[in-house]
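Student: Would you mind keeping the following structure in view while I ask a few things?
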Amino acid sequence: MKPLPGVHSDNSRFLLPARGAIVPALLGVMAGLWEASLLYFRPRLSTLHAAEAGWVIWFLAPLVNALLFGLLGYLVARAFLWVKPLRNSAGVLAFGCMTGLLGAHAAWTYSLSREWVGNLTAIEDWTDPIQGLVVGLAAGLTLGRIAERRGYNWLHAAARTGPIWTKALVVLTLLLALGVGAHSIRSQAYAPARNPVPPGSKKKPNIVLITLDAARADHFSSYGYHRPTTPNIDRLAARGALFENAIAPSSWTLPSHASIMSGLLPHQHGADEGLPASMPVWNIAEILKDRGYETAGFNSNTLYGQAAWGLSAGFETYDDYRGSLNYNLALTVAGRTLVQPVYERFVRYDVFCRRSAQDLSDSVLRWKGSRSRSTKPFFLFVHFFEPHDTYLPPAPYDRRFGRMSNALARRVSFGHGIAPERPFTADEERDIIAAYDNGLAYADEQIGRLLRSIDESPDKDNTTIIITSDHGEAFGEHGSYGHGWTLYRELLHVPLIIAGPGIPSALRISHVASTREIFPTVMELTLGERFPFNRSTLRRHWNPAFLPDAYDKGVTSELSSGFQTLGKPPAISLVTSEWHYIHHATGRQELYRWPSDPGEKVDLSTQAEFQEVFHKVQGQLIARVRNSVRPWSAPHYLQALDQPGFSFLRELAFAPSTDLAPSTPGPRVGMSQAFFPRDTSKSPEKRIRSEEDLLRTLPYH
């Protein structure tokens with residue numbers, strides 16, 4: 001190979017392209033800083049409280065991009081030097097390729113910074129990076145040709161000044177690596193508790209709230225499931241009260257958790273698929289923190305668990321993915337386009353940044369150890385992402401009850417399994433359910449670690465533990481898989497177990513109950529204020545003198561209108577001790593007698609002998625919603641009650657009671673929240689979802 005003029009032949013084989021990679025590496029640092037600025041300051045949705053990247057992104061993105069750009073720069077320069085016809089123009093061509101890469105990266109970063117990291121198929125539109133590539137390539141070739149005509153050759157210049165830039169690049173790379181390393185060390189530590197309880201004062205009870213993602217009650221062995229999926233949770237149930245018919249406020253993560261934390265229905269608190277939990281009301285953590293509690297939250301949901309979605313309010317310690325190195329990498333172009341596809345193909349079909357149940361429990365136990373000398377009461381919230389899809393827990397739990405292939409996981413996971421292109425075979429159905437049970441057993445094992453740690457602590461007799469789920473999971477019972485699409489029983493029936501001082505042991509409660517009532521229950525357990533909590537708290541169910549009335553015999557659930565963007569209309573439902581009434585925005589209404597038809601296969605809404613029951617339950621639902629405490633932050637949740645020519649909000653909500661919607665005896669929905677003055681420090685935000693945001697919204701909940 002003929003060397004370039006003035007350059008030794010050995011340099012043309014290795015040294016010249018190696019030094020030519022230095023400039024691309026420095027361009028990579030610049031690209032990384034641009035990427036970090038977008039990810040750190042720019043929320044992926046205009047409605048979010050903040051962006052989701054942590055401070056490590058300022059070190060991680062430049063470091064990763066420097067390595068990638070440098071490697072590509074070396075390969076490009078070497079390739080052009082090996083091709084004889086291009087040898088004399090190698091400098092111009094290599095420079096053009098690098099500026100093209102820089103343009104593509106800049107455009108791609110801007111585009112991906114507004115998409116969902118949880119969506120495994122997000123890389124679909126190549127328009128922006130191709131346009132950036134073309135513009136960058138044209139600009140680079142033009143500038144390179146102009147420079148060449150003036151006697152400047154990029155590769156020659158790189159060879160002459162290589163030692164200087166090499167040293168600068170080495171120093172810069174070391175600083176970036178040190179930043180990443182410092183983050184890894186710092187993320188393992190938690191600050192010790194401060195402001196201990198004054199000597200002589202009575203310590204208030206500790207509260208531990210554990211939620212599992214997508215855990216349906218009928219797959220818990222304590223609820224009669226045929227597999228031993230939850231032995232640790234079963235032992236807790238034997239020490240406390242188990243609610244056999246607990247109902248979730250919605251069928252997906254964010255509104256259900258917002259209801260648990262605030263005691264409000266979704267149309268009251270407003271959390272939606274593009275709107276975070278953000279209201280001038282108090283949640284459990286904020287109230288208890290204000291009353292002297294230490295508050296800590298640990299959340300492994302890859303999307304809605306992020307603080308930007310509002311569930312972190314009131315927590316002094318909130319451990320989400322913002323501090324995860326893998327999650328920050330997953331936000332970058334390199335993570336999305338290189339690491340994620342490789343992980344899906346050769347490891348398992350899942351987001352590579354997913355935090356396992358063991359990782360989460362390790363973090364909780366580290367936090368617990370950091371407060372060993374604290375005398376403050378605490379409120380601890382832990383959300384396990386398991387058994388959420390893709391139903392592939394780590395070994396050996398991936399084979400506990402059966403095994404599911406990567407290909408099947410791809411088909412059934414969010415975005416693919418909602419309405420499968422072809423029906424699953426009997427064997428595939430068996431493998432899917434076995435894999436789901438594997439994930440549930442894995443979560444139970446890690447919950448067992450936390451329960452044992454609490455049992456070994458000095459204040460175990462002063463700690464109340466609550467275990468529940470945000471929603472269930474569908475396995476094709478009504479034509480869909482996953483969750484968030486309907487309000488059938490497989491999605492609303494969730495576990496609810498409470499154990500602690502003053503709670504009867506081995507008690508099974510058959511009354512319908514709502515996980516929304518966890519809020520007033522915690523308020524009564526910790527603050528001791530009886531009214532208005534005593535009438536809406538779960539404790540009333542184990543009070544021997546309790547006589548349920550109409551208010552206690554029904555639970556409302558809601559599904560937002562935002563899911564219309566995904567082809568699923570909004571819906572609202574009421575579950576009573578005997579009936580389940582569902583009203584869809586399409587006008588379709590359903591009625592099931594769930595005690596004798598738990599799979600809700602026989603719709604009784606059109607049968608003549610059930611018309612009286614049908615209208616009675618319908619009126620109960622409307623009355624409950626109408627009787628809910630205002631202001632209503634998200635009245636669009638109630639669109640499911642509208643019919644052609646009839647608007648619930650216009651004709652009923654602001655009108656006197658009618659035969660269709662009689663007054664509901666008992667406390668108003670959300671009355672326990674109304675006990676506290678509105679938090680004026682959290683001014684209502686102007687939350688407007690653009691059409692662009694809605695089209696991008698494909699939640700991985």
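Every chain in the structure tokens has a letter given in the order shown (A, B, ...), and although residue numbers restart at 1 in each chain, ligands are simply numbered from 1 in the order shown.
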Could you name the residues that touch Val339 (chain A) at 9 Å or less, counting only C-alpha atoms, but leaving out those on the same chain fewer than 6 positions away, as a short mmCIF file (atom, residue, chain, number, x, y, z; two decimals) with C-alpha atoms, in the first residue's frame?

Tutor:
data_model
loop_
_atom_site.label_atom_id
_atom_site.label_comp_id
_atom_site.auth_asym_id
_atom_site.auth_seq_id
_atom_site.Cartn_x
_atom_site.Cartn_y
_atom_site.Cartn_z
CA LEU A 329 -27.26 3.93 29.70
CA ALA A 330 -30.65 2.71 28.47
CA PHE A 352 -31.58 -4.69 30.07
#

Student: I want to know what sits within 10 Å of Asn283 (chain A), based on only C-alpha atoms, with residues of the same chain fewer than 5 positions away left out; could you give that as a list in words?

Tutor: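 Listed by chain and then number, they are Ala258, Ser259, Ile260, Met261, Ser262, Gly263, Leu264, Leu288, Leu311, Ser312, Ala313, Gly314, Phe519 and Gln673 of chain A.
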
Student: Measuring between only C-alpha atoms, which one of A:Arg355, A:His269, A:Lys368, A:Arg593 shows the shortest distance to Gly297 (chain A)?

Tutor: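 Smallest distance to Gly297 (chain A) is found for A:Lys368.
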
Student: With only C-alpha atoms as the basis for distance, which of A:Arg410, A:His219, A:Arg399, A:Arg630 is at the shortest distance from Glu344 (chain A)?

Tutor: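 Closest to Glu344 (chain A) of all the choices is A:Arg410.
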
Student: Tell me, which residues of region 34-111 of chain A carry DSSP helix (DSSP H, G or I), written as an mmCIF file with N, CA and C atoms, in the first residue's frame?

Tutor:
data_model
loop_
_atom_site.group_PDB
_atom_site.id
_atom_site.type_symbol
_atom_site.label_atom_id
_atom_site.label_comp_id
_atom_site.auth_asym_id
_atom_site.auth_seq_id
_atom_site.Cartn_x
_atom_site.Cartn_y
_atom_site.Cartn_z
ATOM 1 N N TRP A 34 -24.083 16.911 24.516
ATOM 2 C CA TRP A 34 -25.369 17.297 23.935
ATOM 3 C C TRP A 34 -26.466 16.317 24.372
ATOM 4 N N GLU A 35 -26.134 15.037 24.304
ATOM 5 C CA GLU A 35 -27.095 14.016 24.704
ATOM 6 C C GLU A 35 -27.422 14.138 26.190
ATOM 7 N N ALA A 36 -26.417 14.345 27.020
ATOM 8 C CA ALA A 36 -26.636 14.467 28.462
ATOM 9 C C ALA A 36 -27.519 15.666 28.787
ATOM 10 N N SER A 37 -27.307 16.776 28.081
ATOM 11 C CA SER A 37 -28.115 17.968 28.351
ATOM 12 C C SER A 37 -29.582 17.726 28.040
ATOM 13 N N LEU A 38 -29.862 16.984 26.963
ATOM 14 C CA LEU A 38 -31.250 16.674 26.628
ATOM 15 C C LEU A 38 -31.871 15.739 27.656
ATOM 16 N N LEU A 39 -31.148 14.696 28.022
ATOM 17 C CA LEU A 39 -31.695 13.693 28.919
ATOM 18 C C LEU A 39 -31.818 14.204 30.350
ATOM 19 N N TYR A 40 -30.978 15.129 30.739
ATOM 20 C CA TYR A 40 -30.988 15.620 32.111
ATOM 21 C C TYR A 40 -31.990 16.755 32.328
ATOM 22 N N PHE A 41 -32.184 17.579 31.305
ATOM 23 C CA PHE A 41 -33.029 18.759 31.461
ATOM 24 C C PHE A 41 -34.386 18.654 30.745
ATOM 25 N N ILE A 57 -25.306 10.836 34.041
ATOM 26 C CA ILE A 57 -25.418 10.915 32.585
ATOM 27 C C ILE A 57 -24.397 11.882 32.008
ATOM 28 N N TRP A 58 -23.966 12.885 32.798
ATOM 29 C CA TRP A 58 -22.967 13.846 32.321
ATOM 30 C C TRP A 58 -21.598 13.197 32.148
ATOM 31 N N PHE A 59 -21.350 12.109 32.817
ATOM 32 C CA PHE A 59 -20.097 11.366 32.654
ATOM 33 C C PHE A 59 -20.284 10.174 31.715
ATOM 34 N N LEU A 60 -21.429 9.508 31.852
ATOM 35 C CA LEU A 60 -21.654 8.276 31.107
ATOM 36 C C LEU A 60 -21.822 8.513 29.610
ATOM 37 N N ALA A 61 -22.682 9.456 29.233
ATOM 38 C CA ALA A 61 -22.934 9.693 27.806
ATOM 39 C C ALA A 61 -21.673 10.141 27.065
ATOM 40 N N PRO A 62 -20.896 11.111 27.567
ATOM 41 C CA PRO A 62 -19.649 11.465 26.870
ATOM 42 C C PRO A 62 -18.661 10.308 26.794
ATOM 43 N N LEU A 63 -18.565 9.512 27.871
ATOM 44 C CA LEU A 63 -17.616 8.399 27.869
ATOM 45 C C LEU A 63 -18.003 7.357 26.821
ATOM 46 N N VAL A 64 -19.257 6.952 26.812
ATOM 47 C CA VAL A 64 -19.712 5.941 25.852
ATOM 48 C C VAL A 64 -19.572 6.442 24.428
ATOM 49 N N ASN A 65 -19.964 7.680 24.187
ATOM 50 C CA ASN A 65 -19.885 8.214 22.826
ATOM 51 C C ASN A 65 -18.448 8.431 22.377
ATOM 52 N N ALA A 66 -17.557 8.791 23.304
ATOM 53 C CA ALA A 66 -16.144 8.929 22.937
ATOM 54 C C ALA A 66 -15.586 7.590 22.474
ATOM 55 N N LEU A 67 -15.913 6.527 23.183
ATOM 56 C CA LEU A 67 -15.429 5.201 22.798
ATOM 57 C C LEU A 67 -16.004 4.771 21.454
ATOM 58 N N LEU A 68 -17.300 4.989 21.246
ATOM 59 C CA LEU A 68 -17.930 4.578 19.991
ATOM 60 C C LEU A 68 -17.429 5.398 18.809
ATOM 61 N N PHE A 69 -17.411 6.715 18.967
ATOM 62 C CA PHE A 69 -16.943 7.576 17.875
ATOM 63 C C PHE A 69 -15.484 7.290 17.562
ATOM 64 N N GLY A 70 -14.670 7.094 18.610
ATOM 65 C CA GLY A 70 -13.260 6.799 18.373
ATOM 66 C C GLY A 70 -13.065 5.506 17.618
ATOM 67 N N LEU A 71 -13.796 4.461 18.014
ATOM 68 C CA LEU A 71 -13.699 3.178 17.327
ATOM 69 C C LEU A 71 -14.147 3.297 15.875
ATOM 70 N N LEU A 72 -15.262 3.948 15.659
ATOM 71 C CA LEU A 72 -15.750 4.115 14.289
ATOM 72 C C LEU A 72 -14.790 4.979 13.471
ATOM 73 N N GLY A 73 -14.223 6.009 14.099
ATOM 74 C CA GLY A 73 -13.265 6.857 13.385
ATOM 75 C C GLY A 73 -12.052 6.074 12.936
ATOM 76 N N TYR A 74 -11.565 5.196 13.814
ATOM 77 C CA TYR A 74 -10.422 4.358 13.448
ATOM 78 C C TYR A 74 -10.764 3.424 12.288
ATOM 79 N N LEU A 75 -11.915 2.777 12.380
ATOM 80 C CA LEU A 75 -12.306 1.827 11.337
ATOM 81 C C LEU A 75 -12.525 2.531 9.998
ATOM 82 N N VAL A 76 -13.135 3.699 10.047
ATOM 83 C CA VAL A 76 -13.388 4.443 8.807
ATOM 84 C C VAL A 76 -12.080 4.883 8.170
ATOM 85 N N ALA A 77 -11.193 5.472 8.965
ATOM 86 C CA ALA A 77 -9.912 5.934 8.424
ATOM 87 C C ALA A 77 -9.101 4.764 7.871
ATOM 88 N N ARG A 78 -9.062 3.677 8.580
ATOM 89 C CA ARG A 78 -8.315 2.500 8.123
ATOM 90 C C ARG A 78 -8.901 1.937 6.832
ATOM 91 N N ALA A 79 -10.247 1.929 6.751
ATOM 92 C CA ALA A 79 -10.885 1.407 5.543
ATOM 93 C C ALA A 79 -10.525 2.244 4.330
ATOM 94 N N PHE A 80 -10.574 3.546 4.474
ATOM 95 C CA PHE A 80 -10.274 4.408 3.331
ATOM 96 C C PHE A 80 -8.801 4.320 2.927
ATOM 97 N N LEU A 81 -7.909 4.124 3.902
ATOM 98 C CA LEU A 81 -6.493 3.998 3.571
ATOM 99 C C LEU A 81 -6.191 2.684 2.854
ATOM 100 N N TRP A 82 -7.005 1.669 3.086
ATOM 101 C CA TRP A 82 -6.795 0.379 2.434
ATOM 102 C C TRP A 82 -7.338 0.354 1.005
ATOM 103 N N LYS A 84 -7.269 1.684 -2.422
ATOM 104 C CA LYS A 84 -6.300 2.497 -3.156
ATOM 105 C C LYS A 84 -6.905 3.699 -3.865
ATOM 106 N N PRO A 85 -8.054 3.567 -4.559
ATOM 107 C CA PRO A 85 -8.605 4.740 -5.261
ATOM 108 C C PRO A 85 -9.038 5.860 -4.319
ATOM 109 N N LEU A 86 -9.284 5.501 -3.041
ATOM 110 C CA LEU A 86 -9.766 6.512 -2.102
ATOM 111 C C LEU A 86 -8.670 7.026 -1.188
ATOM 112 N N ARG A 87 -7.449 6.492 -1.366
ATOM 113 C CA ARG A 87 -6.393 6.773 -0.402
ATOM 114 C C ARG A 87 -6.062 8.255 -0.304
ATOM 115 N N ASN A 88 -5.961 8.904 -1.434
ATOM 116 C CA ASN A 88 -5.574 10.312 -1.416
ATOM 117 C C ASN A 88 -6.672 11.216 -0.864
ATOM 118 N N SER A 89 -7.930 10.711 -0.878
ATOM 119 C CA SER A 89 -9.049 11.495 -0.330
ATOM 120 C C SER A 89 -9.508 10.947 1.011
ATOM 121 N N ALA A 90 -8.673 10.111 1.634
ATOM 122 C CA ALA A 90 -9.078 9.456 2.870
ATOM 123 C C ALA A 90 -9.420 10.465 3.965
ATOM 124 N N GLY A 91 -8.630 11.547 4.042
ATOM 125 C CA GLY A 91 -8.880 12.530 5.083
ATOM 126 C C GLY A 91 -10.235 13.188 4.939
ATOM 127 N N VAL A 92 -10.560 13.603 3.713
ATOM 128 C CA VAL A 92 -11.841 14.269 3.466
ATOM 129 C C VAL A 92 -13.002 13.318 3.725
ATOM 130 N N LEU A 93 -12.872 12.096 3.208
ATOM 131 C CA LEU A 93 -13.955 11.125 3.354
ATOM 132 C C LEU A 93 -14.166 10.741 4.823
ATOM 133 N N ALA A 94 -13.066 10.535 5.543
ATOM 134 C CA ALA A 94 -13.190 10.171 6.948
ATOM 135 C C ALA A 94 -13.812 11.302 7.758
ATOM 136 N N PHE A 95 -13.383 12.529 7.470
ATOM 137 C CA PHE A 95 -13.953 13.673 8.170
ATOM 138 C C PHE A 95 -15.440 13.813 7.865
ATOM 139 N N GLY A 96 -15.815 13.609 6.600
ATOM 140 C CA GLY A 96 -17.224 13.682 6.221
ATOM 141 C C GLY A 96 -18.054 12.622 6.919
ATOM 142 N N CYS A 97 -17.516 11.408 7.010
ATOM 143 C CA CYS A 97 -18.243 10.334 7.698
ATOM 144 C C CYS A 97 -18.445 10.657 9.170
ATOM 145 N N MET A 98 -17.415 11.235 9.800
ATOM 146 C CA MET A 98 -17.541 11.547 11.219
ATOM 147 C C MET A 98 -18.541 12.674 11.471
ATOM 148 N N THR A 99 -18.532 13.687 10.645
ATOM 149 C CA THR A 99 -19.527 14.753 10.818
ATOM 150 C C THR A 99 -20.928 14.240 10.489
ATOM 151 N N GLY A 100 -21.018 13.298 9.534
ATOM 152 C CA GLY A 100 -22.312 12.683 9.253
ATOM 153 C C GLY A 100 -22.812 11.901 10.455
ATOM 154 N N LEU A 101 -21.900 11.162 11.082
ATOM 155 C CA LEU A 101 -22.260 10.416 12.281
ATOM 156 C C LEU A 101 -22.687 11.366 13.393
ATOM 157 N N LEU A 102 -21.971 12.488 13.515
ATOM 158 C CA LEU A 102 -22.319 13.469 14.531
ATOM 159 C C LEU A 102 -23.716 14.038 14.281
ATOM 160 N N GLY A 103 -24.037 14.324 13.019
ATOM 161 C CA GLY A 103 -25.363 14.840 12.693
ATOM 162 C C GLY A 103 -26.453 13.829 12.961
ATOM 163 N N ALA A 104 -26.190 12.575 12.579
ATOM 164 C CA ALA A 104 -27.181 11.527 12.820
ATOM 165 C C ALA A 104 -27.414 11.350 14.316
ATOM 166 N N HIS A 105 -26.333 11.355 15.074
ATOM 167 C CA HIS A 105 -26.447 11.174 16.521
ATOM 168 C C HIS A 105 -27.217 12.325 17.158
ATOM 169 N N ALA A 106 -26.924 13.562 16.742
ATOM 170 C CA ALA A 106 -27.607 14.721 17.316
ATOM 171 C C ALA A 106 -29.105 14.656 17.052
ATOM 172 N N ALA A 107 -29.478 14.301 15.818
ATOM 173 C CA ALA A 107 -30.903 14.217 15.477
ATOM 174 C C ALA A 107 -31.571 13.047 16.193
ATOM 175 N N TRP A 108 -30.885 11.919 16.253
ATOM 176 C CA TRP A 108 -31.433 10.727 16.882
ATOM 177 C C TRP A 108 -31.630 10.939 18.379
ATOM 178 N N THR A 109 -30.653 11.584 19.002
ATOM 179 C CA THR A 109 -30.757 11.872 20.427
ATOM 180 C C THR A 109 -31.963 12.746 20.712
ATOM 181 N N TYR A 110 -32.144 13.757 19.893
ATOM 182 C CA TYR A 110 -33.279 14.659 20.087
ATOM 183 C C TYR A 110 -34.596 13.906 19.964
ATOM 184 N N SER A 111 -34.658 12.976 19.016
ATOM 185 C CA SER A 111 -35.879 12.202 18.801
ATOM 186 C C SER A 111 -36.115 11.211 19.933
#

Student: Identify, on the basis of only C-alpha atoms, every residue whose closest approach to region 456-463 of chain A does not exceed 10 Å; exclude the query and any residue fewer than 2 positions from it along the same chain; express the result as an mmCIF file with C-alpha atoms, in the first residue's frame.

Tutor:
data_model
loop_
_atom_site.group_PDB
_atom_site.id
_atom_site.type_symbol
_atom_site.label_atom_id
_atom_site.label_comp_id
_atom_site.auth_asym_id
_atom_site.auth_seq_id
_atom_site.Cartn_x
_atom_site.Cartn_y
_atom_site.Cartn_z
ATOM 1 C CA LYS A 203 -42.957 6.045 69.383
ATOM 2 C CA LYS A 204 -45.631 5.851 66.726
ATOM 3 C CA PRO A 205 -46.112 2.616 64.785
ATOM 4 C CA ASN A 206 -43.984 1.861 61.742
ATOM 5 C CA ILE A 207 -45.774 1.211 58.454
ATOM 6 C CA VAL A 208 -44.421 -1.016 55.668
ATOM 7 C CA LYS A 368 -32.683 -0.331 56.869
ATOM 8 C CA SER A 372 -30.023 1.196 62.842
ATOM 9 C CA THR A 375 -35.536 6.117 66.982
ATOM 10 C CA PRO A 377 -40.918 5.834 63.284
ATOM 11 C CA PHE A 378 -40.781 5.113 59.581
ATOM 12 C CA PHE A 379 -43.034 4.680 56.582
ATOM 13 C CA LEU A 450 -37.699 -8.178 54.028
ATOM 14 C CA LEU A 451 -40.219 -9.815 56.343
ATOM 15 C CA ARG A 452 -37.476 -11.789 58.107
ATOM 16 C CA SER A 453 -35.440 -8.619 58.531
ATOM 17 C CA ILE A 454 -38.420 -6.883 60.124
ATOM 18 C CA ILE A 465 -47.148 -4.590 57.191
ATOM 19 C CA ILE A 466 -49.495 -4.159 54.238
ATOM 20 C CA ALA A 499 -50.598 -7.787 59.736
ATOM 21 C CA GLY A 500 -49.450 -5.941 62.826
ATOM 22 C CA PRO A 501 -50.317 -4.930 66.379
ATOM 23 C CA GLY A 502 -54.036 -4.988 67.094
#

Student: As an mmCIF file with N, CA and C atoms, in the first residue's frame, please: the residues near Asn326 (chain A) (cut-off 12 Å, only C-alpha atoms, same-chain neighbours under 3 positions excluded).

Tutor:
data_model
loop_
_atom_site.group_PDB
_atom_site.id
_atom_site.type_symbol
_atom_site.label_atom_id
_atom_site.label_comp_id
_atom_site.auth_asym_id
_atom_site.auth_seq_id
_atom_site.Cartn_x
_atom_site.Cartn_y
_atom_site.Cartn_z
ATOM 1 N N ALA A 53 -33.108 11.186 33.822
ATOM 2 C CA ALA A 53 -31.693 10.842 33.911
ATOM 3 C C ALA A 53 -31.089 11.412 35.190
ATOM 4 N N GLY A 54 -30.110 10.677 35.757
ATOM 5 C CA GLY A 54 -29.396 11.141 36.933
ATOM 6 C C GLY A 54 -28.137 11.911 36.550
ATOM 7 N N VAL A 56 -25.186 11.134 36.739
ATOM 8 C CA VAL A 56 -24.135 10.331 36.121
ATOM 9 C C VAL A 56 -24.183 10.400 34.605
ATOM 10 N N ILE A 57 -25.306 10.836 34.041
ATOM 11 C CA ILE A 57 -25.418 10.915 32.585
ATOM 12 C C ILE A 57 -24.397 11.882 32.008
ATOM 13 N N LEU A 60 -21.429 9.508 31.852
ATOM 14 C CA LEU A 60 -21.654 8.276 31.107
ATOM 15 C C LEU A 60 -21.822 8.513 29.610
ATOM 16 N N ALA A 61 -22.682 9.456 29.233
ATOM 17 C CA ALA A 61 -22.934 9.693 27.806
ATOM 18 C C ALA A 61 -21.673 10.141 27.065
ATOM 19 N N VAL A 117 -38.331 4.544 27.314
ATOM 20 C CA VAL A 117 -37.297 3.529 27.464
ATOM 21 C C VAL A 117 -37.903 2.162 27.734
ATOM 22 N N VAL A 180 -18.112 8.119 36.629
ATOM 23 C CA VAL A 180 -18.992 6.952 36.618
ATOM 24 C C VAL A 180 -18.727 6.075 37.840
ATOM 25 N N HIS A 183 -20.116 7.587 41.009
ATOM 26 C CA HIS A 183 -21.573 7.392 41.071
ATOM 27 C C HIS A 183 -21.914 5.995 41.576
ATOM 28 N N SER A 184 -21.188 5.000 41.097
ATOM 29 C CA SER A 184 -21.468 3.622 41.506
ATOM 30 C C SER A 184 -21.258 3.437 42.997
ATOM 31 N N THR A 302 -40.045 0.270 35.710
ATOM 32 C CA THR A 302 -39.104 0.937 34.812
ATOM 33 C C THR A 302 -39.619 2.249 34.237
ATOM 34 N N TYR A 321 -34.993 4.460 39.346
ATOM 35 C CA TYR A 321 -33.972 4.161 38.344
ATOM 36 C C TYR A 321 -33.057 5.342 38.039
ATOM 37 N N ARG A 322 -33.349 6.499 38.571
ATOM 38 C CA ARG A 322 -32.525 7.672 38.283
ATOM 39 C C ARG A 322 -31.072 7.450 38.699
ATOM 40 N N GLY A 323 -30.880 6.665 39.740
ATOM 41 C CA GLY A 323 -29.523 6.391 40.200
ATOM 42 C C GLY A 323 -28.914 5.141 39.611
ATOM 43 N N LEU A 329 -27.768 4.417 30.979
ATOM 44 C CA LEU A 329 -27.257 3.932 29.698
ATOM 45 C C LEU A 329 -28.406 3.610 28.743
ATOM 46 N N ALA A 330 -29.496 3.064 29.292
ATOM 47 C CA ALA A 330 -30.649 2.707 28.465
ATOM 48 C C ALA A 330 -31.311 3.927 27.847
ATOM 49 N N LEU A 331 -31.128 5.096 28.437
ATOM 50 C CA LEU A 331 -31.702 6.313 27.882
ATOM 51 C C LEU A 331 -30.930 6.825 26.681
ATOM 52 N N THR A 332 -29.677 6.417 26.540
ATOM 53 C CA THR A 332 -28.818 6.948 25.487
ATOM 54 C C THR A 332 -29.063 6.245 24.159
ATOM 55 N N ALA A 334 -26.750 4.894 22.352
ATOM 56 C CA ALA A 334 -25.964 3.657 22.374
ATOM 57 C C ALA A 334 -26.718 2.548 23.089
ATOM 58 N N GLY A 335 -27.331 2.886 24.206
ATOM 59 C CA GLY A 335 -28.083 1.881 24.944
ATOM 60 C C GLY A 335 -29.285 1.388 24.170
ATOM 61 N N ARG A 336 -29.968 2.311 23.491
ATOM 62 C CA ARG A 336 -31.192 1.942 22.777
ATOM 63 C C ARG A 336 -30.904 1.167 21.500
ATOM 64 N N VAL A 339 -26.970 -1.806 22.884
ATOM 65 C CA VAL A 339 -27.029 -2.701 24.035
ATOM 66 C C VAL A 339 -28.373 -3.422 24.105
ATOM 67 N N GLN A 340 -29.475 -2.673 23.953
ATOM 68 C CA GLN A 340 -30.792 -3.285 24.096
ATOM 69 C C GLN A 340 -31.053 -4.391 23.068
ATOM 70 N N VAL A 351 -36.088 -5.291 29.018
ATOM 71 C CA VAL A 351 -35.194 -4.143 29.036
ATOM 72 C C VAL A 351 -33.977 -4.506 29.883
ATOM 73 N N PHE A 352 -32.788 -4.234 29.379
ATOM 74 C CA PHE A 352 -31.579 -4.686 30.071
ATOM 75 C C PHE A 352 -31.359 -3.940 31.380
ATOM 76 N N CYS A 353 -32.031 -2.792 31.539
ATOM 77 C CA CYS A 353 -31.838 -2.007 32.765
ATOM 78 C C CYS A 353 -32.776 -2.442 33.879
ATOM 79 N N ARG A 354 -33.618 -3.425 33.620
ATOM 80 C CA ARG A 354 -34.620 -3.820 34.619
ATOM 81 C C ARG A 354 -33.956 -4.227 35.933
ATOM 82 N N ARG A 355 -34.497 -3.730 37.012
ATOM 83 C CA ARG A 355 -33.971 -3.981 38.350
ATOM 84 C C ARG A 355 -34.682 -5.201 38.927
#

Student: Rank nothing, just name the residue among A:His580, A:His49, A:Arg624, A:His493 nearest to Ser605 (chain A), using only C-alpha atoms.

Tutor: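 Checking each of A:His580, A:His49, A:Arg624, A:His493 against Ser605 (chain A), counting only C-alpha atoms, the winner is A:His580.
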
Student: Between CA of Asp427 (chain A) and CA of Ser469 (chain A), what is the distance in Å, rounded to a tenth?

Tutor: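 Computing the Euclidean distance for CA of Asp427 (chain A) and CA of Ser469 (chain A) yields 27.7 Å.
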
Student: CA of Arg42 (chain A) and CA of Ala138 (chain A), how far apart in Å?

Tutor: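 The value is 28.8 Å.
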
Student: Please list as a list in words every residue within 10 Å of Ala214 (chain A), counting only C-alpha atoms and excluding residues in the same chain fewer than 6 positions away.

Tutor: Ser251, Trp252, Thr253, Phe384, Phe385, Glu386, Pro387, His388, Asp389, Tyr436, Leu440, Ser469, Asp470, His471, Gly472, Glu473, Ala474, Gly482, His483, Gly484, Leu491, Leu492, Val494 and His701 of chain A
